[in-house]
file run02.tsv (TSV, C-alpha atoms)
chain	number	residue	atom	x	y	z
V	7	MET	CA	147.23	77.62	77.60
V	8	LEU	CA	148.79	81.01	76.94
V	9	SER	CA	146.09	81.74	74.37
V	10	TYR	CA	143.46	81.75	77.11
V	11	LEU	CA	145.59	83.70	79.57
V	12	TRP	CA	146.41	86.35	76.97
V	13	GLY	CA	142.90	86.44	75.55
V	14	PHE	CA	141.36	86.93	79.00
V	15	MET	CA	143.82	89.71	79.79
V	16	ILE	CA	142.70	91.68	76.76
V	17	ILE	CA	138.96	90.96	77.06
V	18	ILE	CA	138.82	91.65	80.81
V	19	GLY	CA	140.94	94.77	80.38
V	20	ILE	CA	138.65	96.20	77.72
V	21	VAL	CA	135.46	95.34	79.63
V	22	VAL	CA	136.77	96.83	82.90
V	23	GLY	CA	138.04	99.82	80.94
V	24	ILE	CA	134.55	100.51	79.57
V	25	PHE	CA	133.00	100.25	83.04
V	26	ASN	CA	135.63	102.51	84.58
V	27	GLY	CA	135.42	105.02	81.71
V	28	ASN	CA	139.09	104.41	80.93
V	29	ILE	CA	138.64	103.23	77.37
V	30	ALA	CA	140.79	105.99	75.84
V	31	GLU	CA	143.66	105.03	78.17
V	32	VAL	CA	143.20	101.38	77.23
V	33	GLY	CA	143.70	102.14	73.55
V	34	ASN	CA	146.74	104.28	74.25
V	35	ALA	CA	148.18	101.64	76.57
V	36	ALA	CA	148.02	99.02	73.83
V	37	ILE	CA	149.90	101.26	71.39
V	38	ASN	CA	152.46	102.44	73.91
V	39	SER	CA	153.11	98.97	75.32
V	40	SER	CA	154.03	97.58	71.94
V	41	LYS	CA	156.51	100.41	71.37
V	42	GLU	CA	157.86	99.98	74.88
V	43	ALA	CA	158.52	96.27	74.30
V	44	VAL	CA	160.71	97.11	71.33
V	45	SER	CA	162.72	99.83	73.07
V	46	LEU	CA	163.17	97.48	76.01
V	47	CYS	CA	164.52	94.78	73.73
V	48	ILE	CA	166.95	97.18	72.07
V	49	SER	CA	168.57	98.00	75.39
V	50	MET	CA	168.42	94.31	76.30
V	51	VAL	CA	170.46	93.40	73.23
V	52	GLY	CA	173.37	95.26	74.79
V	53	ILE	CA	173.31	93.51	78.15
V	54	MET	CA	172.42	90.10	76.72
V	55	SER	CA	175.20	90.27	74.11
V	56	MET	CA	177.67	91.32	76.75
V	57	TRP	CA	176.73	88.23	78.74
V	58	THR	CA	176.70	85.71	75.89
V	59	GLY	CA	180.01	87.14	74.65
V	60	MET	CA	181.62	86.64	78.05
V	61	MET	CA	180.19	83.15	78.31
V	62	GLN	CA	181.64	82.28	74.91
V	63	VAL	CA	185.07	83.33	76.23
V	64	ALA	CA	184.48	81.22	79.35
V	65	LYS	CA	183.57	78.25	77.19
V	66	LYS	CA	186.55	78.64	74.87
V	67	CYS	CA	189.16	78.89	77.61
V	68	GLY	CA	187.85	75.72	79.26
V	69	LEU	CA	186.13	77.28	82.29
V	70	VAL	CA	182.72	75.79	81.53
V	71	ALA	CA	184.25	72.34	81.04
V	72	SER	CA	186.08	72.53	84.36
V	73	PHE	CA	182.90	73.62	86.15
V	74	THR	CA	181.08	70.70	84.56
V	75	LYS	CA	183.77	68.36	85.84
V	76	ALA	CA	183.55	69.86	89.33
V	77	LEU	CA	179.84	69.08	89.35
V	78	ARG	CA	180.36	65.33	88.86
V	79	PRO	CA	180.44	64.29	92.55
V	80	VAL	CA	177.29	66.33	93.21
V	81	ILE	CA	175.53	64.55	90.36
V	82	SER	CA	176.44	61.06	91.51
V	83	LEU	CA	175.14	62.02	94.97
V	84	LEU	CA	171.85	63.39	93.63
V	85	PHE	CA	171.26	60.68	91.02
V	86	PRO	CA	172.23	57.31	92.53
V	87	GLY	CA	170.18	55.50	89.87
V	88	ILE	CA	172.54	56.42	87.01
V	89	PRO	CA	175.43	54.03	86.23
V	90	LYS	CA	178.92	55.55	86.53
V	91	GLY	CA	180.32	56.89	83.25
V	92	HIS	CA	176.91	56.89	81.55
V	93	VAL	CA	176.42	59.69	79.01
V	94	VAL	CA	173.41	61.04	80.91
V	95	ASN	CA	175.79	62.32	83.60
V	96	GLU	CA	177.28	64.67	81.01
V	97	TYR	CA	173.85	65.90	79.88
V	98	ILE	CA	172.74	66.63	83.42
V	99	ALA	CA	176.00	68.43	84.23
V	100	SER	CA	175.74	70.60	81.10
V	101	ASN	CA	172.10	71.33	81.84
V	102	MET	CA	172.89	72.46	85.38
V	103	ILE	CA	175.91	74.55	84.42
V	104	ALA	CA	173.97	76.30	81.64
V	105	ASN	CA	171.20	77.06	84.15
V	106	ILE	CA	173.65	78.34	86.75
V	107	LEU	CA	175.34	80.65	84.23
V	108	GLY	CA	172.02	82.01	82.99
V	109	LEU	CA	172.15	80.36	79.56
V	110	GLY	CA	168.58	79.07	79.68
V	111	TRP	CA	168.35	78.43	75.91
V	112	ALA	CA	171.37	76.11	76.13
V	113	ALA	CA	170.06	74.36	79.25
V	114	THR	CA	166.77	73.07	77.87
V	115	PRO	CA	168.10	70.91	74.97
V	116	MET	CA	170.59	69.28	77.36
V	117	GLY	CA	167.85	68.69	79.92
V	118	LEU	CA	165.60	67.07	77.31
V	119	MET	CA	168.38	64.74	76.15
V	120	ALA	CA	168.96	63.80	79.79
V	121	MET	CA	165.25	63.01	80.19
V	122	ARG	CA	165.22	60.72	77.13
V	123	GLU	CA	168.25	58.82	78.42
V	124	LEU	CA	166.71	58.54	81.88
V	125	LYS	CA	163.63	57.03	80.31
V	126	LYS	CA	165.75	54.32	78.66
V	127	LEU	CA	167.37	53.61	82.03
V	128	ASN	CA	163.87	53.31	83.47
V	129	ASN	CA	162.85	50.51	81.04
V	130	ASN	CA	160.83	53.02	78.96
V	131	SER	CA	158.19	53.16	81.67
V	132	ASP	CA	155.70	56.03	81.47
V	133	LEU	CA	156.09	56.45	85.22
V	134	ALA	CA	158.77	58.99	86.15
V	135	SER	CA	161.86	57.55	87.84
V	136	CYS	CA	163.22	59.12	91.03
V	137	ASP	CA	166.13	60.51	88.99
V	138	MET	CA	163.70	62.29	86.66
V	139	CYS	CA	161.84	63.80	89.60
V	140	THR	CA	165.11	65.02	91.10
V	141	LEU	CA	166.23	66.55	87.79
V	142	LEU	CA	162.95	68.43	87.42
V	143	ILE	CA	162.77	69.59	91.04
V	144	VAL	CA	166.35	70.89	90.93
V	145	ASN	CA	165.69	72.65	87.60
V	146	ILE	CA	162.47	74.25	88.84
V	147	SER	CA	164.02	75.31	92.16
V	148	SER	CA	166.04	77.68	89.93
V	149	LEU	CA	169.81	77.45	89.67
V	150	GLN	CA	170.50	80.71	87.84
V	151	LEU	CA	173.04	82.73	89.81
V	152	ILE	CA	173.13	85.86	87.62
V	153	PRO	CA	169.65	86.87	86.41
V	154	VAL	CA	170.81	88.79	83.33
V	155	ASN	CA	167.24	89.61	82.19
V	156	ILE	CA	166.23	91.07	85.53
V	157	ILE	CA	169.32	93.29	85.58
V	158	ALA	CA	168.54	94.48	82.04
V	159	TYR	CA	164.93	95.30	82.95
V	160	ARG	CA	165.95	97.08	86.14
V	161	SER	CA	168.45	99.18	84.28
V	162	GLN	CA	165.91	100.04	81.56
V	163	TYR	CA	163.39	101.26	84.14
V	164	GLY	CA	165.88	103.58	85.79
V	165	SER	CA	167.25	101.66	88.75
V	166	ALA	CA	170.11	103.52	90.46
V	167	ASN	CA	171.92	100.22	90.97
V	168	PRO	CA	170.48	97.35	88.89
V	169	ALA	CA	172.90	94.79	90.35
V	170	GLU	CA	172.14	95.51	94.01
V	171	ILE	CA	169.77	92.54	94.22
V	172	LEU	CA	172.37	90.01	93.00
V	173	MET	CA	173.62	88.68	96.33
V	174	ALA	CA	170.11	88.49	97.78
V	175	GLY	CA	169.03	86.57	94.68
V	176	ILE	CA	171.95	84.16	95.02
V	177	ILE	CA	171.08	83.49	98.67
V	178	THR	CA	167.40	82.79	97.90
V	179	THR	CA	168.31	80.66	94.88
V	180	CYS	CA	170.70	78.53	96.94
V	181	PHE	CA	168.13	78.23	99.71
V	182	SER	CA	165.32	77.09	97.40
V	183	THR	CA	167.63	74.64	95.62
V	184	LEU	CA	168.68	73.23	98.99
V	185	VAL	CA	165.02	72.80	99.97
V	186	GLY	CA	164.32	71.12	96.62
V	187	VAL	CA	167.29	68.76	97.03
V	188	ILE	CA	166.26	67.80	100.56
V	189	PHE	CA	162.73	67.15	99.33
V	190	ALA	CA	163.97	65.02	96.42
V	191	ILE	CA	166.30	62.93	98.61
V	192	THR	CA	163.62	62.39	101.26
V	193	ALA	CA	160.96	61.47	98.72
V	194	ARG	CA	163.33	58.99	97.08
V	195	LYS	CA	163.96	57.31	100.45
V	196	ILE	CA	160.25	57.07	101.24
V	197	VAL	CA	159.42	55.70	97.79
V	198	SER	CA	162.21	53.09	97.83
V	199	ARG	CA	161.25	51.95	101.32
V	200	ARG	CA	157.69	51.41	100.14
V	201	HIS	CA	158.72	49.45	97.07
V	202	GLY	CA	161.73	47.71	98.53
V	203	HIS	CA	164.01	48.82	95.68
V	204	ARG	CA	165.51	52.06	94.41
Q	10	MET	CA	173.28	93.79	106.33
Q	11	ASN	CA	174.56	96.45	103.92
Q	12	PHE	CA	177.30	93.94	103.37
Q	13	ILE	CA	175.03	91.89	101.09
Q	14	ILE	CA	174.38	94.90	98.84
Q	15	TYR	CA	178.10	95.72	98.93
Q	16	VAL	CA	179.06	92.21	97.79
Q	17	SER	CA	176.51	92.47	94.94
Q	18	ASP	CA	178.53	95.32	93.43
Q	19	PHE	CA	181.53	93.03	93.10
Q	20	ILE	CA	179.88	90.03	91.46
Q	21	ILE	CA	179.79	91.10	87.81
Q	22	PRO	CA	183.23	92.79	87.80
Q	23	PHE	CA	184.65	89.70	89.51
Q	24	ILE	CA	183.13	87.31	86.94
Q	25	PHE	CA	184.52	89.40	84.09
Q	26	PHE	CA	187.95	89.62	85.73
Q	27	TYR	CA	188.00	85.88	86.24
Q	28	ILE	CA	186.90	84.96	82.71
Q	29	ILE	CA	189.16	87.46	80.97
Q	30	GLY	CA	192.08	86.54	83.26
Q	31	MET	CA	191.63	82.85	82.46
Q	32	GLY	CA	191.32	83.68	78.78
Q	33	LEU	CA	194.60	85.56	78.77
Q	34	LEU	CA	196.37	82.83	80.75
Q	35	THR	CA	195.20	80.10	78.37
Q	36	LYS	CA	196.11	82.34	75.38
Q	37	THR	CA	192.55	82.19	74.02
Q	38	SER	CA	191.77	84.80	71.36
Q	39	ILE	CA	189.33	86.38	73.79
Q	40	TYR	CA	188.28	89.34	71.69
Q	41	ASP	CA	187.29	87.22	68.68
Q	42	GLU	CA	185.41	84.81	70.94
Q	43	PHE	CA	183.60	87.66	72.67
Q	44	ILE	CA	182.45	89.05	69.32
Q	45	LYS	CA	181.37	85.60	68.20
Q	46	GLY	CA	179.44	84.96	71.39
Q	47	SER	CA	177.77	88.35	71.54
Q	48	LYS	CA	176.04	87.68	68.23
Q	49	LYS	CA	174.11	84.99	70.10
Q	50	GLY	CA	172.70	87.73	72.33
Q	51	PHE	CA	170.87	89.28	69.37
Q	52	GLN	CA	169.22	85.97	68.63
Q	53	VAL	CA	168.18	85.44	72.23
Q	54	VAL	CA	166.53	88.86	72.46
Q	55	LEU	CA	164.95	88.48	69.03
Q	56	ASP	CA	163.35	85.25	70.23
Q	57	ILE	CA	161.88	87.03	73.27
Q	58	LEU	CA	160.64	90.12	71.41
Q	59	PRO	CA	157.37	88.83	69.86
Q	60	THR	CA	156.09	87.29	73.12
Q	61	LEU	CA	157.16	90.39	75.01
Q	62	ILE	CA	155.21	92.67	72.64
Q	63	GLY	CA	152.12	90.48	72.96
Q	64	LEU	CA	152.20	90.22	76.72
Q	65	MET	CA	153.10	93.84	77.35
Q	66	ILE	CA	150.07	94.87	75.28
Q	67	GLY	CA	147.88	92.57	77.38
Q	68	ILE	CA	149.24	93.85	80.67
Q	69	GLY	CA	149.26	97.45	79.48
Q	70	ILE	CA	145.53	97.11	78.76
Q	71	LEU	CA	144.88	95.49	82.14
Q	72	ARG	CA	146.78	98.26	83.97
Q	73	ALA	CA	145.19	101.17	82.07
Q	74	SER	CA	141.67	99.81	82.51
Q	75	GLY	CA	142.05	99.62	86.27
Q	76	ALA	CA	141.63	95.82	86.27
Q	77	LEU	CA	145.00	95.23	87.97
Q	78	ASP	CA	144.13	97.58	90.84
Q	79	LEU	CA	140.78	95.83	91.09
Q	80	LEU	CA	142.51	92.45	91.25
Q	81	SER	CA	145.02	93.43	93.91
Q	82	GLY	CA	142.14	94.97	95.87
Q	83	LEU	CA	140.28	91.65	95.68
Q	84	LEU	CA	143.37	89.75	96.75
Q	85	LYS	CA	144.09	91.99	99.72
Q	86	PRO	CA	142.18	89.93	102.34
Q	87	VAL	CA	144.12	86.81	101.29
Q	88	THR	CA	147.54	88.45	101.09
Q	89	LYS	CA	147.05	90.22	104.41
Q	90	ILE	CA	146.88	86.84	106.15
Q	91	LEU	CA	149.98	85.69	104.23
Q	92	HIS	CA	151.90	88.93	104.96
Q	93	PHE	CA	152.61	89.23	101.27
Q	94	PRO	CA	152.00	92.35	99.13
Q	95	SER	CA	148.79	91.95	97.14
Q	96	GLU	CA	150.38	93.69	94.13
Q	97	LEU	CA	152.82	90.79	93.71
Q	98	LEU	CA	150.49	87.81	94.18
Q	99	PRO	CA	149.37	87.80	90.49
Q	100	ILE	CA	153.04	87.64	89.40
Q	101	VAL	CA	153.81	84.70	91.65
Q	102	LEU	CA	150.76	82.81	90.37
Q	103	VAL	CA	151.39	83.62	86.70
Q	104	LYS	CA	155.07	82.70	86.99
Q	105	MET	CA	154.07	79.07	87.64
Q	106	PHE	CA	152.64	78.89	84.12
Q	107	SER	CA	154.43	81.39	81.93
Q	108	SER	CA	157.73	83.16	82.30
Q	109	SER	CA	156.97	85.80	79.67
Q	110	ALA	CA	153.60	86.73	81.21
Q	111	ALA	CA	155.36	87.12	84.57
Q	112	THR	CA	157.94	89.34	82.87
Q	113	GLY	CA	155.15	91.56	81.56
Q	114	LEU	CA	153.76	91.95	85.08
Q	115	LEU	CA	157.27	92.53	86.46
Q	116	LEU	CA	157.81	95.43	84.07
Q	117	ASP	CA	154.42	96.81	85.11
Q	118	ILE	CA	155.58	96.83	88.75
Q	119	TYR	CA	158.82	98.61	87.73
Q	120	LYS	CA	156.78	101.20	85.87
Q	121	GLU	CA	154.21	101.75	88.60
Q	122	TYR	CA	156.42	101.65	91.68
Q	123	GLY	CA	160.01	101.84	90.36
Q	124	PRO	CA	162.67	99.10	90.38
Q	125	ASP	CA	164.24	100.51	93.56
Q	126	SER	CA	161.02	100.54	95.59
Q	127	TYR	CA	160.30	97.83	98.15
Q	128	LEU	CA	157.96	96.06	95.72
Q	129	GLY	CA	160.44	96.47	92.85
Q	130	ARG	CA	163.28	94.93	94.82
Q	131	LEU	CA	161.18	92.13	96.26
Q	132	VAL	CA	159.79	91.12	92.87
Q	133	SER	CA	163.29	91.26	91.34
Q	134	ILE	CA	164.55	88.80	93.94
Q	135	ILE	CA	161.50	86.52	93.67
Q	136	LEU	CA	161.69	86.30	89.89
Q	137	SER	CA	165.44	85.71	89.91
Q	138	SER	CA	164.99	82.69	92.17
Q	139	THR	CA	161.90	80.94	90.78
Q	140	GLU	CA	161.15	78.98	87.62
Q	141	THR	CA	158.00	78.22	85.64
Q	142	ILE	CA	156.71	75.02	87.27
Q	143	PHE	CA	154.04	73.75	84.90
Q	144	TYR	CA	155.73	74.86	81.70
Q	145	THR	CA	159.04	73.20	82.59
Q	146	MET	CA	157.32	70.01	83.71
Q	147	ALA	CA	155.22	69.86	80.55
Q	148	VAL	CA	158.22	70.34	78.25
Q	149	TYR	CA	160.51	67.87	80.02
Q	150	PHE	CA	158.01	65.08	80.62
Q	151	MET	CA	156.48	65.42	77.18
Q	152	ALA	CA	159.90	65.14	75.53
Q	153	ALA	CA	160.54	61.92	77.41
Q	154	GLY	CA	157.01	60.60	76.94
Q	155	VAL	CA	156.43	60.22	80.67
Q	156	LYS	CA	152.82	60.45	81.83
Q	157	LYS	CA	153.01	60.07	85.60
Q	158	SER	CA	155.26	62.66	87.21
Q	159	ARG	CA	154.85	61.35	90.80
Q	160	TYR	CA	156.16	63.74	93.45
Q	161	THR	CA	157.74	66.22	91.02
Q	162	LEU	CA	154.98	68.81	91.35
Q	163	ALA	CA	154.98	68.63	95.15
Q	164	GLY	CA	158.75	69.10	95.26
Q	165	ALA	CA	158.66	71.96	92.77
Q	166	LEU	CA	155.93	73.75	94.73
Q	167	VAL	CA	157.81	73.32	98.02
Q	168	ALA	CA	161.04	74.69	96.50
Q	169	SER	CA	159.22	77.65	94.91
Q	170	LEU	CA	157.43	78.46	98.15
Q	171	ALA	CA	160.78	78.33	99.96
Q	172	SER	CA	162.26	80.85	97.55
Q	173	ILE	CA	159.31	83.24	97.94
Q	174	VAL	CA	159.46	83.10	101.74
Q	175	ALA	CA	163.24	83.58	101.65
Q	176	SER	CA	162.87	86.53	99.26
Q	177	VAL	CA	160.42	88.31	101.57
Q	178	ILE	CA	162.66	87.74	104.60
Q	179	ILE	CA	165.85	88.87	102.89
Q	180	THR	CA	164.22	91.96	101.34
Q	181	ASN	CA	162.91	93.01	104.74
Q	182	LEU	CA	166.33	92.42	106.28
Q	183	ILE	CA	168.63	94.23	103.88
Q	184	PHE	CA	166.65	97.00	102.19
call {"tool": "encode", "arguments": {"input": "run02.tsv", "output": "structure tokens"}}
result
Amino acid sequence: MLSYLWGFMIIIGIVVGIFNGNIAEVGNAAINSSKEAVSLCISMVGIMSMWTGMMQVAKKCGLVASFTKALRPVISLLFPGIPKGHVVNEYIASNMIANILGLGWAATPMGLMAMRELKKLNNNSDLASCDMCTLLIVNISSLQLIPVNIIAYRSQYGSANPAEILMAGIITTCFSTLVGVIFAITARKIVSRRHGHR
Amino acid sequence: MNFIIYVSDFIIPFIFFYIIGMGLLTKTSIYDEFIKGSKKGFQVVLDILPTLIGLMIGIGILRASGALDLLSGLLKPVTKILHFPSELLPIVLVKMFSSSAATGLLLDIYKEYGPDSYLGRLVSIILSSTETIFYTMAVYFMAAGVKKSRYTLAGALVASLASIVASVIITNLIF
């Protein structure tokens, strides 16, 4: 997938560069871009480490656990197909909290474990259950409240106030998640009416 | 509407105050934990670095050759109807498939127009409120061995569209 996308970028760039007479710039751009990626990552290490360090403190003093607990009623509302007290509730809660806090690398393993459990609950069918659809839609609607990467990039490229977009981002994120949730709940109702079961 | 920008300034200090305050109250050894956790940040960035180098080379070539200007020129008739800047349409489309390719294009926008320009702010807000649709679906459904995803794609597209529309509206309102 990405092989084609990346390959086309380079081939098309070089061909267009020859036609436009920009071939010298194309060569320089390749060299400079690779250097730029490294210097960007060096400044990103600072911001990213600041964030993961703070999140480790939050985890250790029990904040993450209490947020996860607070999410429980929301999860039972969104996923009526999951039995109470089932382990998948924990996975989904951890997945959502990690997404909200911008810990994407911690969110995915939890989300995958949740999917495997949901499949067992769905009699190992290769058709997605409504709960799976909801989990995916909510994940893709984006939950991340603090986009740490974006702030790091903005600061690297000389923004006067890298964090100025935070509140606007939170509003749009909440809005799109709300739309996703409404869609998931409505689709579940339509599907269950058609089949006469959940 | 300046209020929204004003609140933004408080978010990170507030989060830090809250976490550190809770840490002190629960007598957690906060400094040791911070040091332990910040090592994870190195790993996270190290994992991004190779893909970022690759994609920034690709996009650097596209920009220098003039192909990106050509593309946004071609897209102009479409984006004019949608009231959406033609420079950002490639990012929105690429973001559905690959987060790192979208990041490469995002950095290109910052370089060309600046992070504090209208385009820079709008793209910051869009990318902070959307996810990679096809990549996420592929990873999750493949892990579970599910072949038919039913209405997942429709729901994901609706939610992503909602966030793009909301981003345009809010950027026009507050900046």
call {"tool": "closest_residue", "arguments": {"input": "run02.tsv", "among": "Q:Phe106, Q:Thr88, Q:Val53, Q:Val101", "to": "Val148 in chain Q", "atoms": "all atoms listed in the file"}}
result
Q:Phe106
call {"tool": "atom_distance", "arguments": {"input": "run02.tsv", "atom1": "CA of Met146 in chain Q", "atom2": "CA of Gly129 in chain Q"}}
result
28.2 Å
call {"tool": "closest_residue", "arguments": {"input": "run02.tsv", "among": "Q:Ala152, Q:Ile179, Q:Val103, Q:Arg130", "to": "Ala120 in chain V", "atoms": "all atoms listed in the file"}}
result
Q:Ala152
call {"tool": "closest_residue", "arguments": {"input": "run02.tsv", "among": "Q:Ala111, Q:Leu64, Q:Leu136, Q:Leu58", "to": "Ile156 in chain V", "atoms": "all atoms listed in the file"}}
result
Q:Leu136
call {"tool": "residues_around", "arguments": {"input": "run02.tsv", "residues": "range 21-34 of chain V", "least_positions_apart": "6", "cutoff": "12 Å", "atoms": "all atoms listed in the file", "output": "mmCIF file with C-alpha atoms, keeping the file's coordinate frame"}}
result
data_model
loop_
_atom_site.group_PDB
_atom_site.id
_atom_site.type_symbol
_atom_site.label_atom_id
_atom_site.label_comp_id
_atom_site.auth_asym_id
_atom_site.auth_seq_id
_atom_site.Cartn_x
_atom_site.Cartn_y
_atom_site.Cartn_z
ATOM 1 C CA PHE V 14 141.360 86.930 79.000
ATOM 2 C CA MET V 15 143.820 89.710 79.790
ATOM 3 C CA SER V 40 154.030 97.580 71.940
ATOM 4 C CA LYS V 41 156.510 100.410 71.370
ATOM 5 C CA GLU V 42 157.860 99.980 74.880
ATOM 6 C CA ILE Q 66 150.070 94.870 75.280
ATOM 7 C CA GLY Q 67 147.880 92.570 77.380
ATOM 8 C CA ILE Q 68 149.240 93.850 80.670
ATOM 9 C CA GLY Q 69 149.260 97.450 79.480
ATOM 10 C CA ILE Q 70 145.530 97.110 78.760
ATOM 11 C CA LEU Q 71 144.880 95.490 82.140
ATOM 12 C CA ARG Q 72 146.780 98.260 83.970
ATOM 13 C CA ALA Q 73 145.190 101.170 82.070
ATOM 14 C CA SER Q 74 141.670 99.810 82.510
ATOM 15 C CA GLY Q 75 142.050 99.620 86.270
ATOM 16 C CA ALA Q 76 141.630 95.820 86.270
ATOM 17 C CA LEU Q 77 145.000 95.230 87.970
ATOM 18 C CA ASP Q 78 144.130 97.580 90.840
ATOM 19 C CA LEU Q 79 140.780 95.830 91.090
ATOM 20 C CA LEU Q 80 142.510 92.450 91.250
#
call {"tool": "atom_distance", "arguments": {"input": "run02.tsv", "atom1": "CA of Ala36 in chain V", "atom2": "CA of Ser133 in chain Q"}}
result
24.5 Å
call {"tool": "atom_distance", "arguments": {"input": "run02.tsv", "atom1": "CA of Leu115 in chain Q", "atom2": "CA of Phe93 in chain Q"}}
result
15.9 Å
call {"tool": "closest_residue", "arguments": {"input": "run02.tsv", "among": "Q:Gly30, Q:Pro86, Q:Pro22, Q:Gly50", "to": "chain V", "atoms": "all atoms listed in the file"}}
result
Q:Gly50
call {"tool": "residues_near_point", "arguments": {"input": "run02.tsv", "point": "(152.7, 58.7, 83.0)", "cutoff": "10 Å", "atoms": "all atoms listed in the file", "output": "list in words"}}
result
Ser131, Asp132, Leu133 and Ala134 of chain V; Phe150, Met151, Gly154, Val155, Lys156, Lys157, Ser158 and Arg159 of chain Q
call {"tool": "residues_around", "arguments": {"input": "run02.tsv", "residues": "Gly59 in chain V", "least_positions_apart": "3", "cutoff": "8 Å", "atoms": "all atoms listed in the file", "output": "list in words"}}
result
Ser55, Met56, Gln62 and Val63 of chain V; Glu42, Phe43, Ile44, Lys45, Gly46, Ser47, Lys48, Lys49 and Gly50 of chain Q
call {"tool": "closest_atom_pairs", "arguments": {"input": "run02.tsv", "of": "range 113-151 of chain Q", "to": "range 162-173 of chain V", "cutoff": "12 Å", "atoms": "only C-alpha atoms", "output": "CSV"}}
result
residue,atom,partner,partner_atom,distance
Q:Leu115,CA,V:Tyr163,CA,10.9
Q:Leu116,CA,V:Tyr163,CA,8.1
Q:Asp117,CA,V:Tyr163,CA,10.1
Q:Ile118,CA,V:Tyr163,CA,10.1
Q:Tyr119,CA,V:Tyr163,CA,6.4
Q:Lys120,CA,V:Tyr163,CA,6.8
Q:Glu121,CA,V:Tyr163,CA,10.2
Q:Tyr122,CA,V:Tyr163,CA,10.3
Q:Gly123,CA,V:Tyr163,CA,7.1
Q:Pro124,CA,V:Ser165,CA,5.5
Q:Asp125,CA,V:Ser165,CA,5.8
Q:Ser126,CA,V:Ser165,CA,9.3
Q:Tyr127,CA,V:Ile171,CA,11.5
Q:Gly129,CA,V:Ser165,CA,9.5
Q:Arg130,CA,V:Ile171,CA,6.9
Q:Leu131,CA,V:Ile171,CA,8.8
Q:Val132,CA,V:Ile171,CA,10.2
Q:Ser133,CA,V:Ile171,CA,7.2
Q:Ile134,CA,V:Ile171,CA,6.4
Q:Ile135,CA,V:Ile171,CA,10.2
Q:Leu136,CA,V:Ile171,CA,11.1
Q:Ser137,CA,V:Leu172,CA,8.7
Q:Ser138,CA,V:Leu172,CA,10.4
call {"tool": "residues_near_point", "arguments": {"input": "run02.tsv", "point": "(155.2, 74.0, 89.9)", "cutoff": "7 Å", "atoms": "only C-alpha atoms", "output": "tab-separated table (two decimals) with C-alpha atoms, in the coordinates of the input"}}
result
chain	number	residue	atom	x	y	z
Q	105	MET	CA	154.07	79.07	87.64
Q	141	THR	CA	158.00	78.22	85.64
Q	142	ILE	CA	156.71	75.02	87.27
Q	143	PHE	CA	154.04	73.75	84.90
Q	162	LEU	CA	154.98	68.81	91.35
Q	165	ALA	CA	158.66	71.96	92.77
Q	166	LEU	CA	155.93	73.75	94.73
call {"tool": "residues_around", "arguments": {"input": "run02.tsv", "residues": "range 181-184 of chain Q", "least_positions_apart": "5", "cutoff": "8 Å", "atoms": "all atoms listed in the file", "output": "MDAnalysis selection string"}}
result
chainID Q and resid 10:11 13:14 127
call {"tool": "closest_residue", "arguments": {"input": "run02.tsv", "among": "Q:Ala147, Q:Leu102, Q:Ala110, Q:Ala153", "to": "chain V", "atoms": "all atoms listed in the file"}}
result
Q:Ala153
call {"tool": "residues_around", "arguments": {"input": "run02.tsv", "residues": "Gly186 in chain V", "least_positions_apart": "2", "cutoff": "8 Å", "atoms": "all atoms listed in the file", "output": "short mmCIF file (atom, residue, chain, number, x, y, z; two decimals) with C-alpha atoms, in the frame of the given file"}}
result
data_model
loop_
_atom_site.label_atom_id
_atom_site.label_comp_id
_atom_site.auth_asym_id
_atom_site.auth_seq_id
_atom_site.Cartn_x
_atom_site.Cartn_y
_atom_site.Cartn_z
CA ILE V 143 162.77 69.59 91.04
CA VAL V 144 166.35 70.89 90.93
CA SER V 147 164.02 75.31 92.16
CA SER V 182 165.32 77.09 97.40
CA THR V 183 167.63 74.64 95.62
CA LEU V 184 168.68 73.23 98.99
CA ILE V 188 166.26 67.80 100.56
CA PHE V 189 162.73 67.15 99.33
CA ALA V 190 163.97 65.02 96.42
CA GLY Q 164 158.75 69.10 95.26
CA ALA Q 165 158.66 71.96 92.77
CA VAL Q 167 157.81 73.32 98.02
CA ALA Q 168 161.04 74.69 96.50
#
call {"tool": "closest_residue", "arguments": {"input": "run02.tsv", "among": "Q:Leu114, Q:Leu91, Q:Leu98, Q:Val54", "to": "Ser45 in chain V", "atoms": "only C-alpha atoms"}}
result
Q:Val54
call {"tool": "axis_aligned_box", "arguments": {"input": "run02.tsv", "around": "range 101-111 of chain Q", "padding_each_side": "3 Å", "output": "JSON"}}
result
{"center_x": 154.2, "center_y": 83.0, "center_z": 85.7, "size_x": 13.0, "size_y": 14.2, "size_z": 18.0}
call {"tool": "build_atoms", "arguments": {"input": "run02.tsv", "residues": "range 198-202 of chain V", "atoms": "N, CA and C atoms", "output": "short mmCIF file (atom, residue, chain, number, x, y, z; two decimals), in the coordinates of the input"}}
result
data_model
loop_
_atom_site.label_atom_id
_atom_site.label_comp_id
_atom_site.auth_asym_id
_atom_site.auth_seq_id
_atom_site.Cartn_x
_atom_site.Cartn_y
_atom_site.Cartn_z
N SER V 198 161.47 54.36 97.95
CA SER V 198 162.21 53.09 97.83
C SER V 198 161.90 52.19 99.03
N ARG V 199 161.60 52.78 100.18
CA ARG V 199 161.25 51.95 101.32
C ARG V 199 159.92 51.23 101.05
N ARG V 200 159.01 51.98 100.41
CA ARG V 200 157.69 51.41 100.14
C ARG V 200 157.77 50.28 99.12
N HIS V 201 158.65 50.44 98.13
CA HIS V 201 158.72 49.45 97.07
C HIS V 201 159.81 48.41 97.30
N GLY V 202 160.67 48.66 98.23
CA GLY V 202 161.73 47.71 98.53
C GLY V 202 162.85 47.70 97.52
#
